[in-house]
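Data block for input-v8.txt (compact mmCIF, C-alpha atoms):
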# COMPACT_ATOMS: atom_id res chain seq x y z
CA MET A 68 -15.64 131.84 63.50
CA GLU A 69 -17.32 130.36 66.59
CA ASN A 70 -19.00 131.96 69.56
CA THR A 71 -19.55 129.90 72.67
CA ALA A 72 -21.81 131.00 75.52
CA SER A 73 -19.83 130.14 78.64
CA VAL A 74 -22.52 131.18 81.08
CA LEU A 75 -25.03 128.60 79.87
CA PRO A 76 -25.19 125.27 81.73
CA LEU A 77 -24.85 123.41 78.41
CA VAL A 78 -22.54 124.45 75.59
CA CYS A 79 -24.12 126.52 72.78
CA LYS A 80 -22.24 127.73 69.72
CA ILE A 81 -22.76 130.09 66.81
CA ILE A 82 -20.72 129.01 63.80
CA HIS A 83 -20.31 131.21 60.74
CA ILE A 84 -20.82 129.26 57.49
CA PRO A 85 -18.50 130.95 54.97
CA GLU A 86 -19.21 131.48 51.29
CA LYS A 87 -16.84 128.67 50.34
CA PRO A 88 -15.84 125.50 52.22
CA SER A 89 -12.99 125.91 54.66
CA PHE A 90 -10.13 123.43 54.63
CA LEU A 91 -7.68 122.46 57.33
CA PRO A 92 -4.34 124.04 56.40
CA HIS A 93 -2.69 120.72 55.53
CA LEU A 94 -5.74 119.46 53.61
CA GLN A 95 -6.20 122.29 51.11
CA PRO A 96 -6.61 120.85 47.59
CA THR A 97 -3.71 121.54 45.25
CA VAL A 98 -2.97 121.30 41.53
CA ASN A 99 0.32 120.89 39.69
CA VAL A 100 1.68 123.78 37.64
CA LEU A 101 4.70 124.31 35.45
CA ALA A 102 7.11 126.98 36.67
CA SER A 103 10.64 128.21 36.07
CA VAL A 104 13.26 130.36 37.77
CA ILE A 105 13.70 133.55 35.76
CA GLU A 106 15.98 136.55 35.61
CA PRO A 107 14.43 139.55 37.43
CA LYS A 108 14.97 141.77 34.38
CA ASP A 109 12.71 139.49 32.30
CA ALA A 110 9.84 139.32 34.82
CA ASN A 111 7.56 142.07 33.47
CA THR A 112 7.92 140.99 29.86
CA LEU A 113 7.25 137.33 30.60
CA VAL A 114 4.25 138.07 32.81
CA ARG A 115 2.65 140.23 30.10
CA LYS A 116 3.17 137.56 27.45
CA LEU A 117 1.88 134.73 29.65
CA ASN A 118 -1.22 136.68 30.65
CA LYS A 119 -2.09 136.81 26.95
CA ILE A 120 -1.23 133.28 25.84
CA ALA A 121 -1.93 131.33 29.04
CA PRO A 122 -4.20 133.25 31.44
CA LEU A 123 -4.85 131.58 34.78
CA GLU A 124 -8.61 131.46 34.30
CA ASN A 125 -9.26 128.85 37.00
CA LEU A 126 -6.47 130.02 39.29
CA GLN A 127 -7.07 133.75 39.46
CA HIS A 128 -6.17 133.80 43.15
CA VAL A 129 -2.66 132.49 42.35
CA LYS A 130 0.09 135.02 41.67
CA ARG A 131 2.34 134.58 38.66
CA VAL A 132 5.60 135.34 40.43
CA GLN A 133 7.14 133.86 43.56
CA LYS A 134 9.94 135.75 45.22
CA LYS A 135 12.42 134.05 47.56
CA SER A 136 15.66 134.97 49.20
CA ILE A 137 18.54 132.57 48.60
CA ASP A 138 22.15 132.54 49.77
CA GLY A 139 23.29 135.90 51.03
CA GLY A 140 19.79 137.37 50.76
CA LYS A 141 19.88 137.43 46.96
CA PRO A 142 16.34 137.52 45.52
CA GLN A 143 15.22 134.64 43.32
CA LEU A 144 12.14 134.90 41.12
CA SER A 145 10.11 131.93 39.94
CA LEU A 146 7.40 132.31 37.31
CA LEU A 147 4.24 130.23 36.96
CA LEU A 148 3.99 129.31 33.29
CA CYS A 149 0.83 127.21 33.02
CA MET A 150 -1.13 124.28 34.37
CA THR A 151 0.76 121.01 34.05
CA VAL A 152 -0.08 119.10 30.89
CA GLY A 153 3.25 117.38 30.33
CA ASN A 154 6.19 118.71 28.32
CA ASP A 155 5.14 116.83 25.21
CA CYS A 156 1.80 118.61 25.20
CA MET A 157 3.09 122.03 26.20
CA GLN A 158 1.35 124.87 24.40
CA TYR A 159 3.40 125.97 21.40
CA GLU A 160 3.67 129.64 22.48
CA ILE A 161 4.89 128.62 25.96
CA LEU A 162 7.38 126.21 24.46
CA GLU A 163 8.74 129.09 22.37
CA LEU A 164 9.13 131.24 25.49
CA VAL A 165 10.96 128.45 27.29
CA LYS A 166 13.38 128.14 24.39
CA SER A 167 13.82 131.87 23.82
CA TYR A 168 14.62 132.66 27.45
CA GLN A 169 16.40 129.34 28.08
CA LEU A 170 14.13 128.52 31.00
CA SER A 171 14.63 125.44 33.13
CA THR A 172 11.11 124.28 34.02
CA PHE A 173 9.97 122.37 37.08
CA ILE A 174 6.64 121.15 38.45
CA THR A 175 5.29 122.55 41.70
CA LYS A 176 1.98 122.70 43.58
CA VAL A 177 -0.38 125.62 44.13
CA CYS A 178 -3.63 125.74 46.08
CA LYS A 179 -6.67 125.05 43.93
CA TYR A 180 -9.10 127.40 45.70
CA ALA A 181 -8.89 130.94 47.03
CA ALA A 182 -8.40 131.28 50.77
CA THR A 183 -11.52 131.93 52.85
CA SER A 184 -9.57 133.10 55.90
CA LYS A 185 -6.25 134.69 56.71
CA GLU A 186 -5.13 131.43 58.32
CA GLU A 187 -5.77 129.56 55.07
CA TRP A 188 -3.98 132.25 53.12
CA ASP A 189 -0.88 132.04 55.33
CA GLU A 190 -0.70 128.30 54.67
CA GLN A 191 -1.26 128.72 50.93
CA CYS A 192 1.62 131.13 50.59
CA LYS A 193 3.99 128.52 51.99
CA LEU A 194 3.49 126.62 48.71
CA TRP A 195 3.13 129.53 46.28
CA PRO A 196 1.90 133.11 46.79
CA THR A 197 -1.82 133.71 46.42
CA SER A 198 -4.08 136.70 46.95
CA TYR A 199 -6.61 136.99 49.77
CA HIS A 200 -9.69 139.18 49.72
CA PRO A 201 -11.59 139.28 53.03
CA PRO A 202 -15.37 139.78 52.90
CA THR A 203 -16.21 143.27 51.67
CA TYR A 204 -19.56 143.39 53.43
CA ASN A 205 -19.80 144.35 57.08
CA ILE A 206 -22.45 142.14 58.64
CA SER A 207 -22.54 141.89 62.40
CA GLY A 208 -21.55 138.46 63.65
CA ILE A 209 -19.06 137.41 60.98
CA THR A 210 -16.21 138.45 63.24
CA GLY A 211 -17.98 137.34 66.42
CA PHE A 212 -20.91 138.06 68.71
CA SER A 213 -20.97 139.78 72.07
CA GLU A 214 -22.36 137.90 75.05
CA GLU A 215 -25.59 139.88 74.82
CA GLU A 216 -25.93 139.19 71.10
CA SER A 217 -25.24 135.51 71.63
CA GLN A 218 -27.92 135.21 74.28
CA SER A 219 -30.39 136.92 71.96
CA VAL A 220 -29.56 134.50 69.12
CA PHE A 221 -29.92 131.47 71.40
CA GLY A 222 -33.24 132.78 72.69
CA PHE A 223 -34.72 133.25 69.22
CA MET A 224 -33.45 129.83 68.14
CA ARG A 225 -35.09 128.17 71.14
CA HIS A 226 -38.31 129.95 70.20
CA THR A 227 -37.94 128.58 66.65
CA ILE A 228 -37.40 125.03 67.90
CA ASN A 229 -40.44 125.37 70.15
CA LEU A 230 -42.48 126.17 67.03
CA ALA A 231 -40.95 123.31 65.09
CA THR A 232 -41.95 120.81 67.76
CA SER A 233 -45.25 122.39 68.82
CA SER A 234 -47.44 119.92 66.92
CA ILE A 235 -47.98 116.80 69.03
CA GLY A 236 -46.06 113.90 67.59
CA GLN A 237 -44.67 115.91 64.68
CA VAL A 238 -41.51 117.75 63.85
CA VAL A 239 -41.65 120.30 61.04
CA ASN A 240 -39.48 123.20 60.00
CA ALA A 241 -40.16 126.58 61.57
CA ALA A 242 -39.11 130.08 60.55
CA VAL A 243 -38.98 133.23 62.66
CA ILE A 244 -38.21 136.62 61.07
CA VAL A 245 -36.69 139.11 63.51
CA ASP A 246 -35.82 142.80 63.33
CA PRO A 247 -32.41 142.78 65.08
CA SER A 248 -32.51 146.53 65.70
CA THR A 249 -35.54 146.18 67.97
CA LYS A 250 -35.30 142.43 68.75
CA GLN A 251 -38.92 142.16 67.66
CA VAL A 252 -40.43 139.11 65.97
CA ILE A 253 -41.85 140.31 62.65
CA ALA A 254 -43.42 137.03 61.52
CA SER A 255 -43.22 133.32 62.21
CA ALA A 256 -44.50 130.19 60.50
CA CYS A 257 -44.24 126.42 60.35
CA ASP A 258 -44.38 124.10 57.37
CA GLN A 259 -47.90 123.75 56.01
CA VAL A 260 -47.16 121.34 53.20
CA ILE A 261 -49.65 118.74 54.47
CA SER A 262 -53.27 119.74 54.02
CA SER A 263 -55.49 119.60 57.08
CA ALA A 264 -58.09 117.67 55.09
CA SER A 265 -55.55 114.98 54.32
CA LEU A 266 -54.55 114.75 57.97
CA ALA A 267 -58.19 114.36 59.00
CA ASN A 268 -59.33 111.91 56.37
CA GLY A 269 -56.25 109.86 55.58
CA VAL A 270 -55.39 108.61 52.10
CA SER A 271 -53.70 105.68 50.41
CA LYS A 272 -51.19 103.74 52.49
CA GLU A 273 -48.17 105.07 50.61
CA GLY A 274 -49.25 108.70 50.76
CA SER A 275 -51.15 108.66 54.03
CA CYS A 276 -50.48 111.81 56.04
CA SER A 277 -52.65 110.72 58.97
CA ASN A 278 -50.59 107.58 59.48
CA TYR A 279 -47.61 109.71 60.43
CA LEU A 280 -48.57 110.11 64.10
CA GLU A 281 -49.02 106.39 64.62
CA ASN A 282 -45.73 105.64 62.90
CA LEU A 283 -43.97 108.18 65.09
CA LYS A 284 -45.47 106.79 68.28
CA ALA A 285 -44.37 103.31 67.27
CA SER A 286 -40.79 104.43 66.68
CA ASN A 287 -38.35 104.24 69.56
CA LEU A 288 -37.51 107.88 70.18
CA GLU A 289 -35.35 107.01 73.15
CA ASN A 290 -33.00 105.08 70.85
CA GLN A 291 -32.85 107.99 68.42
CA GLN A 292 -31.13 110.42 70.77
CA THR A 293 -27.88 110.73 68.84
CA SER A 294 -28.85 114.31 67.99
CA LEU A 295 -31.24 116.08 65.69
CA LEU A 296 -28.61 118.79 65.57
CA ASP A 297 -25.66 116.80 64.16
CA GLY A 298 -26.85 116.43 60.59
CA SER A 299 -27.61 112.70 60.78
CA ILE A 300 -30.99 113.15 59.14
CA SER A 301 -31.13 109.60 57.80
CA GLU A 302 -31.17 108.17 61.33
CA PHE A 303 -34.21 110.34 62.12
CA LYS A 304 -36.21 109.79 58.97
CA PRO A 305 -39.37 108.82 60.94
CA ILE A 306 -39.12 112.15 62.77
CA THR A 307 -38.17 114.35 59.81
CA ASN A 308 -40.62 112.91 57.28
CA ASN A 309 -42.69 116.09 57.41
CA VAL A 310 -39.83 118.62 57.36
CA ALA A 311 -40.42 120.23 53.98
CA CYS A 312 -36.87 121.41 53.30
CA VAL A 313 -35.42 118.00 54.13
CA HIS A 314 -37.80 116.40 51.62
CA PRO A 315 -38.43 119.12 49.00
CA TRP A 316 -39.53 116.56 46.39
CA GLN A 317 -41.98 114.77 48.64
CA TRP A 318 -44.94 116.35 46.84
CA ALA A 319 -43.96 114.52 43.64
CA LEU A 320 -43.82 111.18 45.44
CA ARG A 321 -47.23 111.45 47.11
CA SER A 322 -49.78 110.19 44.61
CA SER A 323 -52.60 111.42 46.85
CA GLY A 324 -51.73 115.09 46.33
CA CYS A 325 -51.85 115.88 50.06
CA TRP A 326 -48.38 117.50 50.01
CA HIS A 327 -48.15 121.13 48.88
CA PRO A 328 -44.82 121.88 47.13
CA LEU A 329 -44.49 125.55 48.14
CA ARG A 330 -45.79 126.06 51.66
CA HIS A 331 -42.44 125.78 53.39
CA ALA A 332 -41.92 127.61 56.68
CA ALA A 333 -39.60 130.28 55.23
CA ILE A 334 -41.97 131.03 52.32
CA LEU A 335 -44.92 131.39 54.69
CA ALA A 336 -42.97 133.62 57.09
CA ILE A 337 -42.12 135.91 54.16
CA GLU A 338 -45.81 135.97 53.20
CA TYR A 339 -46.87 136.84 56.75
CA SER A 340 -44.21 139.56 56.97
CA ALA A 341 -45.54 141.17 53.78
CA ALA A 342 -49.11 140.99 55.08
CA ARG A 343 -48.00 142.65 58.33
CA ASP A 344 -46.34 145.50 56.44
CA LEU A 345 -49.44 146.11 54.35
CA LYS A 346 -51.57 146.22 57.48
CA LEU A 347 -49.26 148.54 59.43
CA PHE A 348 -48.40 150.81 56.50
CA PRO A 349 -51.45 150.75 54.19
CA ASP A 350 -50.84 154.20 52.72
CA HIS A 351 -47.09 154.08 52.29
CA LYS A 352 -44.94 152.69 49.50
CA ALA A 353 -42.03 150.40 50.15
CA LEU A 354 -38.75 152.03 49.19
CA SER A 355 -35.47 150.40 48.28
CA PRO A 356 -32.60 150.93 50.77
CA LEU A 357 -30.92 153.40 48.37
CA LYS A 358 -34.04 155.58 48.06
CA ARG A 359 -34.64 155.32 51.81
CA GLN A 360 -31.09 156.54 52.46
CA THR A 361 -31.61 159.49 50.10
CA ILE A 362 -34.82 160.45 51.92
CA GLU A 363 -33.14 160.06 55.31
CA GLU A 364 -30.24 162.31 54.33
CA SER A 365 -32.58 164.99 52.98
CA GLY A 366 -34.77 164.96 56.10
CA PHE A 367 -37.84 164.56 53.91
CA GLN A 368 -41.30 164.48 55.49
CA SER A 369 -44.63 163.89 53.74
CA ASN A 370 -48.08 164.31 55.25
CA GLY A 371 -46.53 164.50 58.68
CA HIS A 372 -44.72 161.17 58.28
CA SER A 373 -40.95 160.90 58.45
CA TYR A 374 -38.89 158.36 56.55
CA GLN A 375 -38.99 156.01 59.59
CA SER A 376 -42.71 155.43 59.04
CA LEU A 377 -42.29 154.26 55.45
CA ARG A 378 -43.16 150.64 54.80
CA PRO A 379 -40.12 148.34 55.08
CA TYR A 380 -38.63 147.21 51.78
CA LEU A 381 -39.17 143.44 51.73
CA CYS A 382 -37.13 141.93 54.62
CA THR A 383 -34.13 144.22 54.24
CA GLY A 384 -32.00 144.18 57.38
CA TYR A 385 -33.97 141.39 59.05
CA ASP A 386 -32.70 138.09 60.44
CA ILE A 387 -34.44 134.75 59.98
CA TYR A 388 -34.18 131.75 62.28
CA LEU A 389 -34.86 128.26 60.94
CA ALA A 390 -34.94 124.92 62.75
CA TRP A 391 -33.52 123.23 59.64
CA GLU A 392 -31.12 124.48 57.00
CA PRO A 393 -33.28 125.68 54.09
CA CYS A 394 -33.55 124.03 50.69
CA ALA A 395 -32.55 125.86 47.49
CA MET A 396 -36.06 127.23 46.93
CA CYS A 397 -36.26 128.81 50.38
CA ALA A 398 -32.65 130.04 50.30
CA MET A 399 -33.29 131.79 46.98
CA ALA A 400 -36.52 133.32 48.28
CA LEU A 401 -34.50 134.79 51.15
CA VAL A 402 -32.06 136.29 48.64
CA HIS A 403 -34.95 138.03 46.89
CA GLN A 404 -36.21 139.29 50.25
CA ARG A 405 -32.85 140.91 51.09
CA VAL A 406 -32.55 139.10 54.42
CA ARG A 407 -29.41 140.14 56.27
CA ARG A 408 -28.58 137.03 58.29
CA ILE A 409 -29.81 133.44 58.38
CA PHE A 410 -29.52 131.28 61.49
CA PHE A 411 -30.33 127.57 61.38
CA SER A 412 -29.95 124.80 63.91
CA SER A 413 -29.93 121.45 62.09
CA PRO A 414 -27.91 120.82 58.92
CA ASN A 415 -29.86 119.39 56.00
CA SER A 416 -27.68 116.69 54.46
CA SER A 417 -30.21 115.79 51.78
CA ALA A 418 -31.10 119.22 50.32
CA GLY A 419 -29.41 121.96 52.35
CA ALA A 420 -28.56 125.04 50.28
CA LEU A 421 -26.36 126.89 52.80
CA GLY A 422 -23.46 124.53 53.37
CA SER A 423 -24.56 120.91 53.39
CA VAL A 424 -25.18 120.41 49.64
CA HIS A 425 -24.96 123.89 48.08
CA ARG A 426 -23.68 127.31 49.25
CA MET A 427 -26.13 129.88 47.97
CA GLN A 428 -24.38 132.57 50.05
CA GLY A 429 -21.26 132.11 47.91
CA GLU A 430 -22.95 132.40 44.52
CA ARG A 431 -21.27 135.48 43.07
CA SER A 432 -23.83 135.93 40.28
CA LEU A 433 -26.56 136.86 42.77
CA ASN A 434 -27.29 140.51 43.48
CA HIS A 435 -27.65 140.05 47.25
CA HIS A 436 -25.64 138.06 49.77
CA TYR A 437 -26.53 137.27 53.36
CA ALA A 438 -24.43 135.92 56.18
CA VAL A 439 -25.19 132.40 57.37
CA PHE A 440 -24.73 130.94 60.85
CA ARG A 441 -25.40 127.56 62.38
CA VAL A 442 -26.62 127.72 65.97
CA VAL A 443 -25.58 124.60 67.84
CA LEU A 444 -27.81 124.04 70.86
CA PRO A 445 -27.60 121.17 73.35
CA GLU A 446 -29.17 117.97 72.07
CA GLU A 447 -31.67 118.01 74.91
CA VAL A 448 -33.26 121.25 73.68
CA PHE A 449 -34.63 119.50 70.60
CA ARG A 450 -34.87 115.92 71.82
CA ASN A 451 -36.84 116.71 74.97
CA LYS A 452 -39.37 118.68 72.96
CA VAL A 453 -39.99 115.70 70.69
CA VAL A 454 -40.19 113.24 73.58
CA ASP A 455 -42.53 115.54 75.50
CA GLY A 456 -44.74 115.78 72.42
CA LYS A 457 -44.82 112.01 72.16
CA THR A 458 -45.80 111.66 75.81
CA SER A 459 -48.54 114.28 75.51
CA GLY A 460 -49.92 112.69 72.38
CA SER A 461 -50.10 109.19 73.86
CA GLY A 462 -52.29 110.18 76.77
In structure tokens, write the structure found in this file.
Amino acid sequence: MENTASVLPLVCKIIHIPEKPSFLPHLQPTVNVLASVIEPKDANTLVRKLNKIAPLENLQHVKRVQKKSIDGGKPQLSLLLCMTVGNDCMQYEILELVKSYQLSTFITKVCKYAATSKEEWDEQCKLWPTSYHPPTYNISGITGFSEEESQSVFGFMRHTINLATSSIGQVVNAAVIVDPSTKQVIASACDQVISSASLANGVSKEGSCSNYLENLKASNLENQQTSLLDGSISEFKPITNNVACVHPWQWALRSSGCWHPLRHAAILAIEYSAARDLKLFPDHKALSPLKRQTIEESGFQSNGHSYQSLRPYLCTGYDIYLAWEPCAMCAMALVHQRVRRIFFSSPNSSAGALGSVHRMQGERSLNHHYAVFRVVLPEEVFRNKVVDGKTSGSG
């Protein structure tokens, strides 16, 4: 699902990153299965037996029976027996069924993965029927953004990129937590993985943090204008050296110890959000969404305070904007914080946890799931900030 802002002078897009990779209809991965045409009167019996002796554990989205209309509209049923392993290696119980019901087997293809959209599902069913379960959660934006919502998202992302490029000669990751109901910034932070002492004093050549500025000035930024937003991180290694989520293991490589492994932008923004809540609501406990709903429905008031004045529960219902796709550590921290939506601008091909390398939002074992969007801004939004920083720093 894409949203494009037509009123902007340069094209901006908001792209939903689904829980599982999407495939072009003709490129969906398939596997071979063994099937047979069956008599309709035998369908229920055969399905029950096969579900016991050969359950489709890795193909639970695939239906056992395919129904077609043949000459004169007569229905024809085909039954999926099992994954293809060759007739010589056919499971004994299935071989007995084939003999008992005098089945004539054939090999066909089914789609390997469940459909992530109705369009994918329509294409899958042309091979063999599958089931499709649309997202059960109702998070604003998955089905599209209004023009007003889009402009708000683009505005917060520009603010995030401003933070990411605010240090002269440096690009780091930045995080901005927003309450979408009020469009208020709750907390913001940048990477602080490099200690200020290390920047001031310098260290060994290999681990020198203070050498970064000189290395950046020496690099030809004008020749590196392909785009910081297209995922080609390797081409911009001199620029992204200090982006913590792009290099989550950098702390282990720096013998000097100047790189802190945990002070990523998202982690710090969470910390600042918690500190804000404690300051604004010092005498109130944070309640889970379920308890808050119970209090709201009962109209409860305590000491003159209504349920609205209770301290927020973690970051429930909030959005977070990130210049770079977060690493696994930050993505998991955002799960624990009950963030509602994550927006990022640049993919993270080396360690991204929301589409580039992993898809944390699709991990079914987790007890919270957020919606993820990539905000594609014009190249100039990011590039000009870096070039301006370079010019300011060289003066």
Would you mind telling me which residue in A:Ile261, A:Leu117, A:Leu389, A:Val424 lies nearest to Ile334 of chain A when using all atoms listed in the file?
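Among the listed residues, the smallest separation from Ile334 of chain A belongs to A:Leu389.
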Rows by chain and residue number, segment 328-349 of chain A within 12 Å of segment 249-252 of chain A, shortest pair, all atoms listed in the file, as JSON lines:
{"residue": "A:Ala336", "atom": "CA", "partner": "A:Val252", "partner_atom": "CA", "distance": 10.7}
{"residue": "A:Tyr339", "atom": "CA", "partner": "A:Val252", "partner_atom": "CA", "distance": 11.5}
{"residue": "A:Ser340", "atom": "CA", "partner": "A:Val252", "partner_atom": "CA", "distance": 9.8}
{"residue": "A:Arg343", "atom": "CA", "partner": "A:Val252", "partner_atom": "CA", "distance": 11.3}
Take atom CA of Tyr385 of chain A and atom CA of Arg405 of chain A and report the distance between them in Å, one decimal.
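We find that atom CA of Tyr385 of chain A and atom CA of Arg405 of chain A lie 8.1 Å from each other.
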Nearest to Val220 of chain A, chosen from A:Tyr388, A:Leu433, A:Cys257, A:Ala400, with all atoms listed in the file counted in the distances
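Of all the options, A:Tyr388 lies closest to Val220 of chain A.
Take atom CA of Asp246 of chain A and atom CA of Leu230 of chain A: the distance between them is 18.3 Å.
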Excluding same-chain residues fewer than 3 positions from Gln95 of chain A, what lies within 12 Å of it counting all atoms listed in the file, as a list in words?
Pro88, Ser89, Phe90, Leu91, Pro92, Val98, Lys176, Val177, Cys178, Lys179, Tyr180, Ala181, Ala182, Thr183, Glu186, Glu187, Trp188, Asp189, Glu190, Gln191, Cys192, Lys193 and Leu194 of chain A
